[in-house]
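*Asks:* Sharing a structure below in structure tokens format, with a few things to ask.
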Amino acid sequence: MIEQYVRDLRQVDPTRVAVVGGKGAHLGALSRIDGVHVPDGFCVTTDAFRRIMAGAPSIDDQLDQLSRVDPDDRVAVRTLSERIRRTIEEVVVPDDVVSAIIGALARFGEQAAYAVRSSATAEDLPTASFAGQQDTYLNVVGPAAILRHISRCWASLFTERAVTYRRRGGIDHRTVLMAVVVQRMVFPQASGILFTADPVTGDRKVATVDAGFGLGEALVSGLVNPDVFRVRDGEVVARTIAAKERAVHAVPAGGTREVAVDARQQERPALTDAQAVSLAALGRRIEAHFGRPQDIEWCLVDGDFRIVQSRPITTLFPIPEVGDEENHVYVSVGHGQMMTDPMKPLGYSMWQLTAMVPMHEAGGRLFVDVTRRLASPASRAGLLDALGKGDPLVRDALETVLEREDFVPSLPDAGPAGPPAGTPAGGAPTPIATDPAIVTELIERSRASVAALERDIRTKTGPELFDFLLEAFEEHKRVLGDPLSMQAIMAGMEATWWLNDTLQEWLGEKNAADTLTLSAPDNVTSEMGLALLDVADVVRPLPEVLAFLREVQGEDFLEELAKVAGGSEARDAIEAYLDRYGMRCVGEIDITRPRWRERPATLVPVLLDHVRIFEPGAAERRFEEGRLKAQQKEQDVLSRLRALPDGDRKADETRRMIERVRTFIGYREYPKYGIIGRYFVYKQALLKEAERLVRAGVLPEREDCFYLTFQEFRDVVRSHRVDDGLIQRRKEAFRSYHELTPPRVLTSDGEALSGAYRREDAPAGALVGLPVSAGTVEGRARVVLDMAEADLEAGDILVTTFTDPSWSPLFVGIAGLVTEVGGLMTHGAVIAREYGLPAVVGVERATSLIRDGQRIRVHGTDGYVEILS
């Protein structure tokens, strides 16, 4: 029975996490690496923990209570977790468990000093480190004290911070077990932490060493500032030596205490440069063994490094896997497409297959490799200009990379190439006539293509469906790359830029195009927002319908709606709206996201808000008001221009550009609408295929197909075999990706760059962003992270991470817009201008720096937000 409760560290490895926990498994693996010295010790296994939990019958009820508590209710979490910890600590350790532990201590020295460390089974994992969530005790002396501290480690599985961390990570408390590592104590002259990748920038080529005197607890607890060494390619490239006034040392009888560092020693480096380089090399060996960057705790004892812990660094954004050793620079697709959330594998693989340029996946996001275009002097300028017009932060991030002259190679001109997806193309378009019939023709072409897809896909199943879809993707790309469509899009965008730049030069007026584009025709996204106002007009006079809608819970409410007075009329109006726009949803570039047609209840709160806030006929009035403002602005601009020298020429040129922008700017939204329409057709066919696999017992659930790439899904349909472990790993990885912040620009060294605004014209304390829709507005900030939970009043200012076309129904009821992500021509900016909403986008951390309910002032012309008292 002894081996059931105790395992020597050298007997365990990463396959034994369920027995010895994450920390124990890592230490066992470390002890096997040549040249890595790990203090001797043993693990008290999870079998012992199970015995303890079985000895406390009341634990089950307490865990049930804990699972029902809101993780944000700190008082309740604290109270319940304290009660559970007391229960565990009061359990008498069974004699056979005590005997196993005492026997292990006898092998290593019964009266020696030990470190007693918690080692949970959900700890030091590739996707979640759980660092600091459970307890560690240093310099514990004597069997009785060691047993007492082992009980404390068991109980520390339920510290308040550990409970909250698990709940927010979606981890069931009962699935996590606690082992305990008991190691011979080392008494170092210096200690600290080694990151084998820069934890701030993400650069995998730079190791960062934090070092201080004595035990590492002084650094971990924040008692002292560490010395910091940055090591790259076997050389210290930067160092900061801190004044280390305090240190933590072991006490002979057990425990630790703070001591003052001799004044003459305080500013002496805790390590020499040679030692820092040697430690970094040791870290690289450990990193190579585990296959990913590590966060390593080390001690320096008589000139020899001892490793006391190593865990994955889980906060680093992953790097695309391209299989070469070349330098690469990647630009985020999500920032251009207004969807920076992670995508499931079917989602990103479908986008890759239907995109106009190659894309690479990392962290559930997609990136375009722009290295060759940056390396070629001719294409570099065009790329920076195009990306800078869309999002200045992307340009700034790329220029930061280019400042490191050795990173991007200098290559011959790459020749013409398309821009990253979601960004405007550089260069002038082929001339195009300013003719509304062109837009009409393009829209009809798109509709006909989607209708043909819907017709032809109906008879396709099994492997034949996937062969058909691959052909459909080629048609998808043909429609997307239609030269006439690209010319129409660029004509509207370039006319917008011309008006803004030229009218500022001639009239001194900023962002004049924002008013000139109000209520532009053929904008399917702004029409979508106004169309829901028309639905509100239908349901407003129907009291029984309104009462029914206020109580809607499930997604099948439309069938029941027809049974109430006036319900058939209301249902028909909602169904007609869904027929035209039901393929849309938040994050719609990910085909796996639920569409409005699949979850129509998403629209009900917005519809009820429209009924409450607006008067009948609001849609038509809003559109007409915008059209008249644009018309008046045009007359005003042309009149002022004619009063200038050479005014008739300037006015005529401006009038032609206004005609061009009003003809084409609305069409810019249509290609995305067409893409999403096609995506919904693809999705419906693929879900039917997944249902067949469920009926055949191949897939447990229909939505499990979302965790397969398109090619993997195709293979499963052919073979009727699926790797259940792969799907589970993908689910866990997808959950972990939500914790990562995707950068605008990413390098193959792992450096994540989000760019910065280089401007000094904003008031002190203002939040700076990109001005995308002119005007100034003051109002209540509503911080909304989920469109379905928006609770907006007239005059509110929407503050969110990003908006895509699905947010447009909210725009008709707000007074201004602030987002963390966005550019001049992204969807939120275009629709804000369409509706005349002052808007500032690209405001870093807006949703955390602005509190819900605060009064703010949005300066949409100058690009900043003031938080008011």
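Chain labels run A, B, ... following the order of the structure tokens; each chain numbers its residues from 1, and ligands are numbered from 1 in the order shown.
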Within 9 Å of A:Leu798, counting only C-alpha atoms, which residues show up once you throw out same-chain ones fewer than 5 positions away? Write them as a PyMOL selection string, please.
*Replies:* chain A and resi 780-784+792+810-811+814-819
*Asks:* Would you put the residues from that selection into a file with N, CA and C atoms, as a short mmCIF file (atom, residue, chain, number, x, y, z; two decimals), in the first residue's frame?
*Replies:*
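result-v8.cif, written as the output of this step:
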data_model
loop_
_atom_site.label_atom_id
_atom_site.label_comp_id
_atom_site.auth_asym_id
_atom_site.auth_seq_id
_atom_site.Cartn_x
_atom_site.Cartn_y
_atom_site.Cartn_z
N ARG A 780 -24.15 58.96 -21.35
CA ARG A 780 -23.84 57.85 -20.45
C ARG A 780 -23.18 56.72 -21.23
N ALA A 781 -22.06 56.24 -20.73
CA ALA A 781 -21.38 55.11 -21.37
C ALA A 781 -22.09 53.83 -20.98
N ARG A 782 -22.39 53.02 -21.97
CA ARG A 782 -22.89 51.66 -21.72
C ARG A 782 -21.86 50.68 -22.26
N VAL A 783 -21.17 50.02 -21.34
CA VAL A 783 -20.14 49.06 -21.70
C VAL A 783 -20.84 47.73 -21.97
N VAL A 784 -20.84 47.31 -23.23
CA VAL A 784 -21.59 46.12 -23.66
C VAL A 784 -20.62 45.14 -24.30
N LEU A 792 -29.95 49.60 -23.58
CA LEU A 792 -29.61 50.95 -24.00
C LEU A 792 -30.81 51.88 -23.93
N LEU A 810 -28.35 47.97 -33.09
CA LEU A 810 -28.16 48.78 -31.88
C LEU A 810 -27.82 50.22 -32.22
N PHE A 811 -27.21 50.44 -33.39
CA PHE A 811 -26.70 51.77 -33.71
C PHE A 811 -27.83 52.80 -33.86
N ILE A 814 -28.42 54.71 -30.38
CA ILE A 814 -27.35 55.27 -29.55
C ILE A 814 -26.94 56.64 -30.08
N ALA A 815 -26.13 57.33 -29.27
CA ALA A 815 -25.70 58.68 -29.65
C ALA A 815 -24.24 58.73 -30.07
N GLY A 816 -23.47 57.69 -29.75
CA GLY A 816 -22.05 57.68 -30.09
C GLY A 816 -21.48 56.29 -29.92
N LEU A 817 -20.25 56.10 -30.38
CA LEU A 817 -19.63 54.77 -30.39
C LEU A 817 -18.16 54.87 -30.02
N VAL A 818 -17.72 53.95 -29.14
CA VAL A 818 -16.30 53.81 -28.78
C VAL A 818 -15.98 52.32 -28.84
N THR A 819 -14.95 51.94 -29.59
CA THR A 819 -14.55 50.53 -29.64
C THR A 819 -13.04 50.41 -29.41
#
*Asks:* Using DSSP secondary structure from the backbone, list all helix (DSSP H, G or I) positions within stretch 357-407 of chain A, as a ChimeraX atom specification.
*Replies:* /A:371-375,377-390,392-403
*Asks:* Write out as a ChimeraX atom specification each polymer residue whose atoms come within 10 Å of A:Ile59, counting only C-alpha atoms; drop sequence neighbours fewer than 6 positions from it.
*Replies:* /A:53,65,83-85,87-88
*Asks:* To one decimal place, how far is atom CA of A:Leu532 from atom CA of A:Val479 in Å?
*Replies:*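 We find that atom CA of A:Leu532 and atom CA of A:Val479 lie 28.4 Å from each other.
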*Asks:* Between A:Ala832, A:Ala690, A:Ala381, A:Val768, which has the minimum distance to A:Gly626 (counting only C-alpha atoms)?
*Replies:*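 Comparing A:Ala832, A:Ala690, A:Ala381, A:Val768 against A:Gly626, the winner is A:Ala832.
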